[in-house]
Structure formats: C-alpha cells, structure tokens
>>> print(open('protein25.tsv').read())   # TSV, C-alpha atoms and all ligand atoms
chain	number	residue	atom	x	y	z
A	1	LEU	CA	-81.86	39.33	-48.32
A	2	PHE	CA	-84.62	36.75	-47.93
A	3	ARG	CA	-83.08	33.42	-46.99
A	4	SER	CA	-84.16	30.03	-48.21
A	5	LEU	CA	-82.79	26.54	-47.91
A	6	GLY	CA	-80.93	24.91	-50.78
A	7	GLU	CA	-80.94	21.13	-50.79
A	8	VAL	CA	-77.84	19.04	-51.31
A	9	GLU	CA	-79.11	16.12	-53.36
A	10	THR	CA	-76.04	13.87	-53.22
A	11	LEU	CA	-72.72	14.20	-51.44
A	12	ASP	CA	-69.46	12.34	-51.86
A	13	GLY	CA	-66.53	14.02	-50.14
A	14	TYR	CA	-66.50	17.54	-51.52
A	15	HIS	CA	-68.46	16.58	-54.66
A	16	ALA	CA	-72.20	17.19	-54.50
A	17	GLN	CA	-75.29	17.55	-56.59
A	18	VAL	CA	-77.25	20.75	-56.00
A	19	ARG	CA	-80.29	21.81	-58.06
A	20	GLY	CA	-79.46	18.98	-60.45
A	21	ARG	CA	-75.91	20.24	-61.01
A	22	ASN	CA	-72.67	18.50	-60.16
A	23	VAL	CA	-70.66	20.90	-58.02
A	24	ARG	CA	-67.54	20.99	-55.92
A	25	VAL	CA	-68.30	22.17	-52.39
A	26	PHE	CA	-66.12	25.11	-51.38
A	27	CYS	CA	-68.12	26.09	-48.31
A	28	SER	CA	-68.05	23.15	-45.93
A	29	ASN	CA	-66.48	23.20	-42.49
A	30	ASN	CA	-65.51	19.55	-42.91
A	31	TYR	CA	-61.95	20.86	-43.22
A	32	LEU	CA	-60.07	17.59	-42.78
A	33	GLY	CA	-62.50	15.40	-44.71
A	34	LEU	CA	-63.37	13.42	-41.57
A	35	ALA	CA	-67.18	13.59	-41.85
A	36	ASP	CA	-67.17	10.63	-44.20
A	37	ASP	CA	-63.87	9.00	-43.24
A	38	PRO	CA	-64.60	5.24	-43.06
A	39	ARG	CA	-63.03	5.00	-39.56
A	40	VAL	CA	-65.28	7.76	-38.25
A	41	VAL	CA	-68.38	6.35	-39.93
A	42	ASP	CA	-67.54	2.89	-38.63
A	43	ALA	CA	-67.15	4.13	-35.05
A	44	ALA	CA	-70.58	5.77	-35.28
A	45	ARG	CA	-72.12	2.62	-36.75
A	46	ARG	CA	-70.70	0.40	-34.00
A	47	ALA	CA	-71.96	2.79	-31.32
A	48	ILE	CA	-75.46	2.82	-32.84
A	49	GLU	CA	-75.44	-0.97	-32.76
A	50	ARG	CA	-74.46	-0.87	-29.09
A	51	TRP	CA	-76.57	2.02	-27.76
A	52	GLY	CA	-79.24	2.68	-30.41
A	53	TRP	CA	-79.55	6.19	-31.84
A	54	GLY	CA	-80.96	8.78	-29.39
A	55	ALA	CA	-79.53	9.25	-25.89
A	56	GLY	CA	-83.05	9.42	-24.49
A	57	SER	CA	-82.21	11.76	-21.67
A	58	SER	CA	-80.08	14.67	-20.51
A	59	ARG	CA	-76.54	14.09	-19.26
A	60	LEU	CA	-77.37	14.31	-15.55
A	61	ILE	CA	-80.24	11.81	-15.82
A	62	SER	CA	-79.33	8.74	-17.89
A	63	GLY	CA	-77.68	10.37	-20.90
A	64	THR	CA	-74.03	9.74	-20.01
A	65	THR	CA	-72.77	6.57	-21.65
A	66	ALA	CA	-69.29	5.10	-21.63
A	67	ASP	CA	-68.76	6.77	-25.03
A	68	HIS	CA	-69.56	10.23	-23.61
A	69	ALA	CA	-67.17	9.71	-20.71
A	70	ALA	CA	-64.44	8.30	-22.97
A	71	LEU	CA	-64.72	11.27	-25.36
A	72	GLU	CA	-64.49	13.77	-22.50
A	73	ARG	CA	-61.33	12.05	-21.26
A	74	LYS	CA	-59.93	11.99	-24.80
A	75	ILE	CA	-60.60	15.71	-25.40
A	76	ALA	CA	-58.99	16.59	-22.05
A	77	SER	CA	-55.92	14.54	-22.87
A	78	PHE	CA	-55.78	15.92	-26.45
A	79	LYS	CA	-55.89	19.48	-25.10
A	80	GLY	CA	-53.58	18.67	-22.16
A	81	VAL	CA	-56.02	19.90	-19.49
A	82	GLN	CA	-57.76	18.43	-16.44
A	83	GLY	CA	-61.21	18.17	-17.89
A	84	SER	CA	-63.65	18.71	-20.70
A	85	LEU	CA	-67.42	18.87	-20.96
A	86	LEU	CA	-69.53	18.05	-24.00
A	87	PHE	CA	-72.47	20.09	-25.27
A	88	GLY	CA	-75.06	19.46	-27.97
A	89	SER	CA	-73.34	22.01	-30.23
A	90	GLY	CA	-70.64	24.64	-30.27
A	91	TYR	CA	-73.42	27.23	-29.98
A	92	LEU	CA	-74.58	25.70	-26.69
A	93	ALA	CA	-70.99	25.40	-25.43
A	94	ASN	CA	-70.45	29.11	-26.07
A	95	LEU	CA	-73.65	29.96	-24.19
A	96	ALA	CA	-72.28	28.09	-21.18
A	97	ALA	CA	-68.72	29.39	-21.47
A	98	VAL	CA	-69.70	33.05	-21.40
A	99	ARG	CA	-72.36	32.64	-18.72
A	100	SER	CA	-69.90	30.76	-16.52
A	101	ALA	CA	-67.59	33.77	-16.47
A	102	ALA	CA	-69.86	36.81	-16.40
A	103	GLY	CA	-73.25	37.85	-15.07
A	104	ASP	CA	-75.10	40.87	-13.65
A	105	GLY	CA	-72.69	43.61	-12.65
A	106	ASP	CA	-69.80	42.30	-14.79
A	107	VAL	CA	-68.52	43.55	-18.14
A	108	ILE	CA	-67.85	41.55	-21.27
A	109	PHE	CA	-65.48	42.94	-23.90
A	110	MET	CA	-65.95	41.41	-27.32
A	111	ASP	CA	-64.36	41.71	-30.72
A	112	LYS	CA	-66.76	43.30	-33.24
A	113	LEU	CA	-66.53	40.16	-35.42
A	114	CYS	CA	-67.20	37.58	-32.69
A	115	HIS	CA	-69.48	34.75	-33.80
A	116	ALA	CA	-73.24	35.16	-33.27
A	117	SER	CA	-73.25	32.43	-30.60
A	118	LEU	CA	-70.83	34.47	-28.47
A	119	ILE	CA	-72.94	37.59	-28.96
A	120	ASP	CA	-76.09	35.72	-27.92
A	121	ALA	CA	-74.23	34.25	-24.96
A	122	ALA	CA	-73.09	37.68	-23.84
A	123	ARG	CA	-76.63	39.02	-24.17
A	124	CYS	CA	-78.00	36.12	-22.09
A	125	SER	CA	-75.41	36.59	-19.37
A	126	GLY	CA	-76.87	39.83	-18.03
A	127	ALA	CA	-73.44	41.47	-18.06
A	128	GLU	CA	-72.77	44.83	-19.68
A	129	ILE	CA	-71.33	44.37	-23.18
A	130	ARG	CA	-68.64	46.53	-24.74
A	131	VAL	CA	-67.54	45.87	-28.30
A	132	TYR	CA	-64.08	46.79	-29.61
A	133	PRO	CA	-63.30	47.17	-33.35
A	134	HIS	CA	-61.96	44.02	-34.95
A	135	LYS	CA	-58.53	43.17	-33.48
A	136	ARG	CA	-57.96	46.78	-32.39
A	137	TYR	CA	-56.47	45.82	-29.06
A	138	GLU	CA	-55.47	49.38	-28.11
A	139	ARG	CA	-59.19	50.17	-28.20
A	140	LEU	CA	-59.88	47.16	-25.98
A	141	GLU	CA	-57.33	48.45	-23.47
A	142	ARG	CA	-58.94	51.87	-23.50
A	143	LEU	CA	-62.31	50.27	-22.73
A	144	LEU	CA	-60.82	48.11	-20.00
A	145	SER	CA	-59.28	51.16	-18.36
A	146	ARG	CA	-62.75	52.72	-18.12
A	147	TYR	CA	-64.16	49.70	-16.29
A	148	ALA	CA	-61.23	49.07	-13.93
A	149	SER	CA	-63.50	49.17	-10.88
A	150	LYS	CA	-65.97	46.53	-12.10
A	151	SER	CA	-65.91	43.27	-10.19
A	152	ARG	CA	-65.32	41.02	-13.20
A	153	ARG	CA	-64.04	41.80	-16.66
A	154	VAL	CA	-64.18	39.12	-19.33
A	155	ILE	CA	-62.63	39.30	-22.79
A	156	VAL	CA	-64.29	37.13	-25.45
A	157	THR	CA	-62.88	36.32	-28.87
A	158	ASP	CA	-62.98	33.80	-31.71
A	159	SER	CA	-59.52	32.39	-32.45
A	160	ILE	CA	-60.07	31.96	-36.21
A	161	PHE	CA	-62.78	34.43	-37.17
A	162	SER	CA	-65.49	32.54	-38.98
A	163	MET	CA	-66.12	34.90	-41.86
A	164	ASP	CA	-62.69	36.37	-42.62
A	165	GLY	CA	-60.49	33.46	-41.62
A	166	ASP	CA	-58.00	35.68	-39.80
A	167	VAL	CA	-56.64	34.78	-36.39
A	168	ALA	CA	-56.92	36.76	-33.15
A	169	ASP	CA	-53.62	37.88	-31.65
A	170	LEU	CA	-53.95	35.71	-28.57
A	171	VAL	CA	-50.47	36.68	-27.35
A	172	ALA	CA	-51.55	40.33	-27.19
A	173	LEU	CA	-54.86	39.37	-25.58
A	174	VAL	CA	-53.11	37.33	-22.89
A	175	GLU	CA	-50.84	40.27	-22.05
A	176	ILE	CA	-53.85	42.58	-21.88
A	177	LYS	CA	-55.93	40.25	-19.74
A	178	LYS	CA	-53.06	39.96	-17.28
A	179	ARG	CA	-52.47	43.69	-17.20
A	180	TRP	CA	-56.14	44.38	-16.46
A	181	ASN	CA	-56.84	41.32	-14.35
A	182	ALA	CA	-59.51	40.10	-16.75
A	183	ALA	CA	-60.57	36.60	-17.80
A	184	LEU	CA	-60.12	35.41	-21.39
A	185	ILE	CA	-62.57	33.14	-23.25
A	186	VAL	CA	-61.44	31.82	-26.64
A	187	ASP	CA	-63.69	30.09	-29.17
A	188	GLU	CA	-61.49	27.69	-31.15
A	189	ALA	CA	-64.39	26.41	-33.31
A	190	HIS	CA	-62.58	26.76	-36.65
A	191	ALA	CA	-59.06	26.17	-35.33
A	192	THR	CA	-59.59	22.84	-33.55
A	193	GLY	CA	-57.84	20.11	-35.54
A	194	VAL	CA	-56.42	22.69	-37.94
A	195	LEU	CA	-53.92	25.01	-36.23
A	196	GLY	CA	-50.92	24.17	-34.08
A	197	GLU	CA	-48.36	21.41	-34.45
A	198	PHE	CA	-50.70	18.98	-32.71
A	199	GLY	CA	-53.94	20.45	-34.05
A	200	ARG	CA	-55.10	21.79	-30.70
A	201	GLY	CA	-55.87	25.23	-32.09
A	202	ALA	CA	-54.61	28.80	-32.28
A	203	ALA	CA	-53.64	28.94	-28.60
A	204	GLU	CA	-51.31	25.99	-29.18
A	205	MET	CA	-49.89	27.58	-32.35
A	206	LEU	CA	-49.22	30.83	-30.48
A	207	GLY	CA	-47.87	29.15	-27.31
A	208	VAL	CA	-50.48	30.53	-24.89
A	209	GLU	CA	-52.64	27.49	-24.10
A	210	ASP	CA	-51.99	27.70	-20.35
A	211	GLU	CA	-53.14	31.30	-20.21
A	212	ILE	CA	-56.64	30.86	-21.63
A	213	ASP	CA	-59.26	30.75	-18.86
A	214	VAL	CA	-62.05	29.08	-20.83
A	215	SER	CA	-61.49	27.39	-24.18
A	216	VAL	CA	-64.36	26.29	-26.43
A	217	GLY	CA	-64.22	23.91	-29.38
A	218	THR	CA	-66.65	22.20	-31.71
A	219	LEU	CA	-66.87	18.65	-32.97
A	220	SER	CA	-68.82	19.95	-35.94
A	221	LYS	CA	-66.13	21.42	-38.15
A	222	ALA	CA	-62.67	19.84	-38.65
A	223	LEU	CA	-63.75	16.89	-36.50
A	224	GLY	CA	-66.55	16.20	-38.97
A	225	GLY	CA	-69.40	15.53	-36.53
A	226	ILE	CA	-71.76	17.34	-34.20
A	227	GLY	CA	-71.38	18.77	-30.71
A	228	GLY	CA	-69.28	21.26	-28.80
A	229	PHE	CA	-66.99	21.20	-25.78
A	230	ILE	CA	-65.39	23.34	-23.13
A	231	THR	CA	-62.00	22.48	-21.70
A	232	GLY	CA	-60.33	23.69	-18.54
A	233	GLY	CA	-59.58	22.88	-14.92
A	234	ARG	CA	-61.62	20.44	-12.83
A	235	THR	CA	-63.25	23.28	-10.89
A	236	LEU	CA	-64.50	24.90	-14.10
A	237	ILE	CA	-65.90	21.60	-15.37
A	238	ASP	CA	-67.67	20.85	-12.04
A	239	PHE	CA	-69.04	24.38	-12.01
A	240	LEU	CA	-70.44	23.93	-15.52
A	241	ILE	CA	-71.97	20.53	-14.71
A	242	ASN	CA	-73.78	22.16	-11.81
A	243	THR	CA	-74.80	25.47	-13.34
A	244	ALA	CA	-74.67	25.54	-17.16
A	245	ARG	CA	-78.26	25.64	-18.33
A	246	SER	CA	-77.34	24.71	-21.92
A	247	PHE	CA	-75.71	21.56	-20.51
A	248	ILE	CA	-78.27	20.58	-17.87
A	249	TYR	CA	-81.60	21.22	-19.58
A	250	THR	CA	-81.16	19.50	-22.92
A	251	THR	CA	-80.87	15.97	-24.26
A	252	SER	CA	-77.41	14.47	-24.40
A	253	LEU	CA	-75.62	13.94	-27.71
A	254	PRO	CA	-76.15	10.47	-29.20
A	255	ALA	CA	-73.39	8.11	-28.06
A	256	ALA	CA	-72.63	7.51	-31.74
A	257	ALA	CA	-71.70	11.20	-32.15
A	258	CYS	CA	-69.23	10.75	-29.28
A	259	ALA	CA	-67.72	7.57	-30.68
A	260	ALA	CA	-67.33	9.23	-34.10
A	261	ALA	CA	-65.65	12.27	-32.54
A	262	SER	CA	-63.24	10.02	-30.61
A	263	ALA	CA	-62.23	8.34	-33.88
A	264	ALA	CA	-61.83	11.78	-35.51
A	265	ILE	CA	-59.53	13.01	-32.73
A	266	ASP	CA	-57.40	9.87	-33.14
A	267	ILE	CA	-57.01	10.76	-36.83
A	268	VAL	CA	-56.18	14.39	-36.04
A	269	GLN	CA	-53.44	13.14	-33.73
A	270	SER	CA	-52.02	10.45	-36.01
A	271	GLU	CA	-52.31	12.20	-39.39
A	272	PRO	CA	-50.86	15.72	-39.10
A	273	GLU	CA	-50.40	15.69	-42.87
A	274	ARG	CA	-54.11	16.50	-43.23
A	275	ARG	CA	-53.84	19.87	-41.49
A	276	ASN	CA	-50.47	20.57	-43.12
A	277	ARG	CA	-51.99	19.99	-46.52
A	278	LEU	CA	-55.00	22.18	-45.70
A	279	ASN	CA	-52.77	25.03	-44.58
A	280	GLU	CA	-50.63	24.71	-47.73
A	281	LEU	CA	-53.74	24.77	-49.92
A	282	ALA	CA	-54.93	27.90	-48.09
A	283	ASP	CA	-51.65	29.67	-48.89
A	284	TYR	CA	-51.84	28.46	-52.50
A	285	PHE	CA	-55.42	29.75	-52.89
A	286	ARG	CA	-54.56	33.21	-51.55
A	287	GLU	CA	-51.46	33.44	-53.72
A	288	SER	CA	-53.46	32.37	-56.80
A	289	ILE	CA	-56.27	34.88	-56.41
A	290	ARG	CA	-53.74	37.62	-55.78
A	291	GLU	CA	-51.57	36.75	-58.77
A	292	LYS	CA	-54.23	35.68	-61.28
A	293	LEU	CA	-57.17	37.90	-60.33
A	294	GLY	CA	-55.58	40.76	-58.39
A	295	LEU	CA	-57.90	39.96	-55.48
A	296	ASP	CA	-57.14	40.36	-51.83
A	297	SER	CA	-58.82	38.24	-49.18
A	298	GLY	CA	-57.74	40.27	-46.16
A	299	ASP	CA	-55.06	39.34	-43.67
A	300	GLY	CA	-56.31	35.80	-43.02
A	301	ARG	CA	-54.05	32.84	-43.78
A	302	THR	CA	-56.33	29.99	-42.85
A	303	GLN	CA	-58.69	27.61	-44.66
A	304	ILE	CA	-61.43	30.28	-44.67
A	305	ALA	CA	-61.12	33.14	-47.14
A	306	SER	CA	-63.59	35.86	-48.02
A	307	ILE	CA	-63.81	37.92	-51.15
A	308	VAL	CA	-65.70	40.99	-50.05
A	309	LEU	CA	-67.91	42.38	-52.82
A	310	GLY	CA	-69.91	44.88	-50.76
A	311	ASP	CA	-73.38	44.82	-52.27
A	312	PRO	CA	-75.58	41.80	-51.40
A	313	GLU	CA	-77.00	41.58	-54.92
A	314	VAL	CA	-73.54	41.48	-56.46
A	315	ALA	CA	-72.50	38.72	-54.04
A	316	THR	CA	-75.65	36.72	-54.82
A	317	LYS	CA	-75.10	37.05	-58.57
A	318	ALA	CA	-71.51	35.90	-58.21
A	319	ALA	CA	-72.58	32.89	-56.13
A	320	ASP	CA	-75.29	31.96	-58.69
A	321	ARG	CA	-72.78	32.18	-61.54
A	322	LEU	CA	-70.31	30.01	-59.61
A	323	LEU	CA	-73.04	27.42	-59.11
A	324	GLU	CA	-73.65	27.38	-62.86
A	325	LEU	CA	-69.93	26.83	-63.32
A	326	GLY	CA	-69.96	23.90	-60.87
A	327	PHE	CA	-68.82	25.46	-57.59
A	328	LEU	CA	-70.86	25.76	-54.41
A	329	VAL	CA	-69.71	28.99	-52.75
A	330	PRO	CA	-72.38	30.87	-50.84
A	331	ALA	CA	-72.98	34.59	-50.78
A	332	ILE	CA	-72.82	35.72	-47.17
A	333	ARG	CA	-74.86	38.82	-46.57
A	334	PRO	CA	-76.16	40.95	-43.69
A	335	PRO	CA	-77.04	40.31	-40.95
A	336	THR	CA	-74.40	37.54	-40.90
A	337	THR	CA	-71.80	40.13	-41.91
A	338	PRO	CA	-71.93	43.90	-41.36
A	339	PRO	CA	-73.75	46.02	-44.02
A	340	GLY	CA	-71.54	46.78	-47.03
A	341	THR	CA	-69.44	43.64	-46.59
A	342	SER	CA	-71.46	41.02	-48.51
A	343	ARG	CA	-69.04	38.45	-49.76
A	344	LEU	CA	-68.19	35.09	-51.16
A	345	ARG	CA	-66.95	32.94	-48.28
A	346	ILE	CA	-64.71	30.16	-49.46
A	347	SER	CA	-63.56	27.28	-47.31
A	348	LEU	CA	-61.14	24.58	-48.32
A	349	THR	CA	-60.77	20.99	-47.24
A	350	ALA	CA	-57.69	18.78	-47.03
A	351	ALA	CA	-59.24	16.36	-49.53
A	352	MET	CA	-58.96	18.94	-52.34
A	353	SER	CA	-56.05	19.23	-54.74
A	354	ARG	CA	-54.24	22.22	-56.22
A	355	MET	CA	-56.13	21.48	-59.41
A	356	ASP	CA	-59.44	22.02	-57.61
A	357	VAL	CA	-58.13	25.36	-56.40
A	358	ASP	CA	-56.94	26.28	-59.92
A	359	ASP	CA	-60.40	25.46	-61.30
A	360	LEU	CA	-62.12	27.55	-58.63
A	361	VAL	CA	-59.83	30.50	-59.28
A	362	GLU	CA	-60.62	30.32	-62.99
A	363	ALA	CA	-64.35	30.18	-62.25
A	364	LEU	CA	-64.04	33.11	-59.85
A	365	GLY	CA	-62.44	35.07	-62.68
A	366	CYS	CA	-65.42	34.31	-64.95
A	367	ALA	CA	-68.02	34.99	-62.26
A	368	LEU	CA	-66.52	38.27	-61.11
A	369	GLU	CA	-65.48	39.75	-64.47
A	370	PRO	CA	-68.96	41.02	-65.54
A	371	LEU	CA	-69.64	42.31	-62.04
A	372	ARG	CA	-66.51	44.43	-61.92
A	373	LYS	CA	-67.64	46.57	-64.88
B	401	LIG	C1	-66.78	30.78	-34.40
B	401	LIG	C2	-67.90	29.81	-34.21
B	401	LIG	N1	-68.23	29.45	-32.96
B	401	LIG	C3	-69.23	28.58	-32.73
B	401	LIG	C4	-69.94	28.04	-33.76
B	401	LIG	C5	-71.08	27.11	-33.45
B	401	LIG	O1	-70.66	25.81	-33.57
B	401	LIG	P1	-71.74	24.65	-33.86
B	401	LIG	O2	-72.00	24.72	-35.32
B	401	LIG	O3	-71.05	23.41	-33.42
B	401	LIG	O4	-72.93	24.98	-33.05
B	401	LIG	C6	-69.63	28.38	-35.08
B	401	LIG	C7	-70.30	27.78	-36.25
B	401	LIG	O5	-71.29	27.76	-36.65
B	401	LIG	C8	-68.59	29.30	-35.31
B	401	LIG	O6	-68.29	29.69	-36.55
>>> encode(input="protein25.tsv", output="structure tokens", more="lines below")
Ligand SMILES: Cc1ncc(COP(=O)(O)O)c(C=O)c1O
Amino acid sequence: LFRSLGEVETLDGYHAQVRGRNVRVFCSNNYLGLADDPRVVDAARRAIERWGWGAGSSRLISGTTADHAALERKIASFKGVQGSLLFGSGYLANLAAVRSAAGDGDVIFMDKLCHASLIDAARCSGAEIRVYPHKRYERLERLLSRYASKSRRVIVTDSIFSMDGDVADLVALVEIKKRWNAALIVDEAHATGVLGEFGRGAAEMLGVEDEIDVSVGTLSKALGGIGGFITGGRTLIDFLINTARSFIYTTSLPAAACAAASAAIDIVQSEPERRNRLNELADYFRESIREKLGLDSGDGRTQIASIVLGDPEVATKAADRLLELGFLVPAIRPPTTPPGTSRLRISLTAAMSRMDVDDLVEALGCALEPLRK
C-alpha cells in the first residue's frame, strides 16, 4: 500500500511516455481534451504576457485581476446564477462550501462515498457528522428524523462519485432536503462540462439546479486547468468573501489560469459534441466490457468506470500488466477506497476513439485473465 510518484515523461493529448514506455492515458480527468487545446493554451499564454505568472497576493489584497473578475462573471452566467467565487482548487472550494453551511451545534449528513475533500471539510467545520450508506436515501431520512431538533442540518454529496462514476439521485435529495428543512451542498467536480444539455452538471441534467443551496465545481477536470469555484446567490458569495478561510488566507490563482478557464468554458458552451462524444464512449466502454469480458462496472454511466478487484495486490498486478501492454490505468487502493474494494479506475476522454476503447478492453482481458484463476 506504500505510495510513490510515477513520472510522466512526455505527454501529447492522451498519449504519454511513462517509465520509457509509450502508453495511452486512461486515468486523466482532462475529460474534454481541453488541457492542451490550442485556444486554452493561447489564452493562458496571452495572460502570462499581460500579468506575468504568479498573482503575488491573496484575492482581497492585490490578487484580483480583470481576468479573475471576468471568469467569475462567466461562471455565474454559465451556471445561470447571481455569483461565483474562485478558489485555488476544488479541494479548497469544498472546504469553504461546507464550512459556510455548518458549524458547532449543526449536523452534516454525508454519503459514505463522498470525496475526501468533503470529508475533511466536514471535519473542519466542527459540526457533528453522520454518514449514510452510498445512495441509501431511506437511511439518510432515518438519520434526519433523529436530528429534527438540531438548528441546522446540511446534506453533502458528490454529483458524479469520483471512484465509481455513478451519479447521486439529486431529485430524491432535493425532496428529502425540503421535507426535513435541510440545506443541500453538491460537489459537481466531475460533472462540470460533462453532464446536462449545456454541460452545467448533474443538477442541470436532472432539472434541479434551482434547488441546490451551494454548488461546487472545479476548473481542474473537464475544464482542463486548475482551480475551484462555488456558485450561488449574491449573499452566499459575499458571505464567503468575508468568512471563507480557504479563500481569504491563500494566494490567488494566477491570472493565466483564469484566462485559460474562460476559454475552456467558451468551448464547453460552443462545442457540445465533445461531451456527447464522451458520454457515447462511456456507454460503449461499459457495453464492451460486459459483452467481451463479462465484467460489470457498477451502476455508473459516466466517463469514470471502476473494475473492482478487491485485493490491493491483485489490482496492482493488473495495473502493472496494463502498463506493460501500453495503458496507464492506476490501481486505486485503500485508504482512497474502502478495504476490499481495490480497483482499476478507468476514465475516458472525448479525444479517444472507439478503437482506443477496443484496444483497452482487449488489454484488460489479457491483464485480468491470469488473475481470475
Ligand atoms: C469529487 C471531487 N471533489 C473535489 C475534488 C478536488 O478538486 P481539485 O482537484 O480541483 O482540488 C476532486 C478531485 O480531486 C474530486 O474528485
């Protein structure tokens, strides 16, 4: 279970060189291929020429450039809300989102498979934490009924779960939060740019955007950059600017990261074919592993798919064999996933073709065959 860092020696789209081998990268969150899109790279380059690289200061001092302000306006308009606020990462945005809603004396209800950043945020908030089994919403209701007298109740969930690629039932969660007068925080890290007709995320896809109290997104996955954001009403944004420690006490993102993200959002809005293609490839991958290998990747239907192998050693061996065969697919092991659920986590990008998927499925067959005996 000891972790060490593997170096990527060269990278061109989803083709890389790792440990001297040419591999196809099936584990990146650069889902729409925007990290190296020439328009995104160009926007970053122009911003560096204008502002230099580092922001040199936190947002409330001198770290808010025209590019930061323009990106916040663009995210708000993309999401159709009054305001947005940028953070140095999605992790930092989640810290602020949860702390803005709950503190001492409150209760946070979280899905068992919430991302580590949400767990850390809940721990930092000082609120009591109650965990419900993954997507078992009747259990959530039972917990809520036990804490009906608490001053504030806050439900926290990922929209696309980062390891299994399945989607939270936000319609059910909205009904529950209304029934129990709770607040709902949704982390759309993996869904931003990917789900919904306009790429705004799972809440858009499920028609409940107006019912989410605090929505979090990242610039670091489908948008191909770095940074995180919270969207919501003006009061929420002002509250965060004045109180969120992970916003106030840290250096602002480089302006170039903001300019690049603005260009990426333009592409998300003007090229829906990227997310459509990604979603089609995800269906094709699941169908292929089911038909050709008899494998099931759970009830997810998104660009993230896990093949759960159980034992960490088995998962590591499978990942090593895949690397030999030219595919970078990491073994994800505890504590990232619960004990007994070590897995291969596969993520697709819109730049890939069906042939790439066919090749991966064949390699998975070779890598897993000796381990099944
Ligand atoms: C569900 C989820 N939320 C938040 C984050 C953190 O985002 P970032 O990498 O931008 O800090 C991640 C990714 O690492 C994630 O998977």
>>> closest_residue(input="protein25.tsv", among="A:Leu143, A:Ile230, A:Met352, A:Val154", to="Ser28 of chain A", atoms="all atoms listed in the file")
A:Met352
>>> closest_residue(input="protein25.tsv", among="A:Leu223, A:Ile75, A:Leu140, A:Ala331", to="ligand LIG 401 (chain B)", atoms="all atoms listed in the file")
A:Leu223
>>> closest_atom_pairs(input="protein25.tsv", of="chain A", to="ligand LIG 401 (chain B)", cutoff="8 Å", atoms="all atoms listed in the file", output="JSON lines")
{"residue": "A:Gly88", "atom": "CA", "partner": "B:LIG401", "partner_atom": "O4", "distance": 7.8}
{"residue": "A:Ser89", "atom": "CA", "partner": "B:LIG401", "partner_atom": "O4", "distance": 4.1}
{"residue": "A:Gly90", "atom": "CA", "partner": "B:LIG401", "partner_atom": "O3", "distance": 3.4}
{"residue": "A:Tyr91", "atom": "CA", "partner": "B:LIG401", "partner_atom": "O4", "distance": 3.8}
{"residue": "A:Leu92", "atom": "CA", "partner": "B:LIG401", "partner_atom": "O4", "distance": 6.6}
{"residue": "A:Ala93", "atom": "CA", "partner": "B:LIG401", "partner_atom": "O4", "distance": 7.9}
{"residue": "A:Asn94", "atom": "CA", "partner": "B:LIG401", "partner_atom": "C3", "distance": 6.8}
{"residue": "A:Cys114", "atom": "CA", "partner": "B:LIG401", "partner_atom": "C1", "distance": 7.0}
{"residue": "A:His115", "atom": "CA", "partner": "B:LIG401", "partner_atom": "C1", "distance": 4.8}
{"residue": "A:Ala116", "atom": "CA", "partner": "B:LIG401", "partner_atom": "N1", "distance": 7.6}
{"residue": "A:Ser117", "atom": "CA", "partner": "B:LIG401", "partner_atom": "C3", "distance": 6.0}
{"residue": "A:Leu118", "atom": "CA", "partner": "B:LIG401", "partner_atom": "N1", "distance": 7.2}
{"residue": "A:Asp158", "atom": "CA", "partner": "B:LIG401", "partner_atom": "C1", "distance": 5.5}
{"residue": "A:Ser159", "atom": "CA", "partner": "B:LIG401", "partner_atom": "C1", "distance": 7.7}
{"residue": "A:Ile160", "atom": "CA", "partner": "B:LIG401", "partner_atom": "C1", "distance": 7.0}
{"residue": "A:Phe161", "atom": "CA", "partner": "B:LIG401", "partner_atom": "C1", "distance": 6.1}
{"residue": "A:Ser162", "atom": "CA", "partner": "B:LIG401", "partner_atom": "O6", "distance": 4.7}
{"residue": "A:Met163", "atom": "CA", "partner": "B:LIG401", "partner_atom": "O6", "distance": 7.7}
{"residue": "A:Asp187", "atom": "CA", "partner": "B:LIG401", "partner_atom": "N1", "distance": 5.9}
{"residue": "A:Glu188", "atom": "CA", "partner": "B:LIG401", "partner_atom": "C1", "distance": 6.9}
{"residue": "A:Ala189", "atom": "CA", "partner": "B:LIG401", "partner_atom": "N1", "distance": 4.9}
{"residue": "A:His190", "atom": "CA", "partner": "B:LIG401", "partner_atom": "C1", "distance": 6.2}
{"residue": "A:Gly217", "atom": "CA", "partner": "B:LIG401", "partner_atom": "C3", "distance": 7.6}
{"residue": "A:Thr218", "atom": "CA", "partner": "B:LIG401", "partner_atom": "O3", "distance": 4.9}
{"residue": "A:Leu219", "atom": "CA", "partner": "B:LIG401", "partner_atom": "O3", "distance": 6.4}
{"residue": "A:Ser220", "atom": "CA", "partner": "B:LIG401", "partner_atom": "O3", "distance": 4.8}
{"residue": "A:Lys221", "atom": "CA", "partner": "B:LIG401", "partner_atom": "O3", "distance": 7.1}
{"residue": "A:Ile226", "atom": "CA", "partner": "B:LIG401", "partner_atom": "O3", "distance": 6.2}
{"residue": "A:Gly227", "atom": "CA", "partner": "B:LIG401", "partner_atom": "O3", "distance": 5.4}
{"residue": "A:Gly228", "atom": "CA", "partner": "B:LIG401", "partner_atom": "O3", "distance": 5.4}
>>> atom_distance(input="protein25.tsv", atom1="atom CA of Glu138 of chain A", atom2="atom CA of Lys150 of chain A")
19.4 Å
>>> atom_distance(input="protein25.tsv", atom1="atom CA of Val314 of chain A", atom2="atom CA of His134 of chain A")
24.6 Å
>>> residues_around(input="protein25.tsv", residues="Thr316 of chain A", least_positions_apart="2", cutoff="10 Å", atoms="all atoms listed in the file", output="PyMOL selection string")
chain A and resi 1+309+311-314+318-322+329-333+342-344
>>> atom_distance(input="protein25.tsv", atom1="atom CA of Leu85 of chain A", atom2="atom CA of Phe229 of chain A")
5.4 Å
>>> residues_near_point(input="protein25.tsv", point="(-71.8, 9.3, -18.0)", cutoff="12 Å", atoms="all atoms listed in the file", output="number ranges by chain")
A: 55, 57-73, 85-86, 241, 252-253, 255, 258
>>> closest_residue(input="protein25.tsv", among="A:Ile237, A:Leu144, A:Lys177, A:Ala259", to="Arg45 of chain A", atoms="all atoms listed in the file")
A:Ala259
>>> closest_residue(input="protein25.tsv", among="A:Leu348, A:Ala102, A:Leu113, A:Ala282", to="Arg153 of chain A", atoms="only C-alpha atoms")
A:Ala102
>>> residues_around(input="protein25.tsv", residues="Gly310 of chain A", least_positions_apart="2", cutoff="6 Å", atoms="all atoms listed in the file", output="VMD selection string")
chain A and resid 308 340 to 342
>>> closest_residue(input="protein25.tsv", among="A:Ala191, A:Val357, A:Ala168, A:Ala183", to="Glu211 of chain A", atoms="all atoms listed in the file")
A:Ala183
>>> residues_around(input="protein25.tsv", residues="Ala121 of chain A", least_positions_apart="5", cutoff="8 Å", atoms="all atoms listed in the file", output="ChimeraX atom specification")
/A:94-96,98-99
>>> residues_around(input="protein25.tsv", residues="Asp358 of chain A", least_positions_apart="5", cutoff="10 Å", atoms="only C-alpha atoms", output="list in words")
Tyr284, Phe285, Ser288, Ile289, Lys292, Ser353, Ala363 and Leu364 of chain A
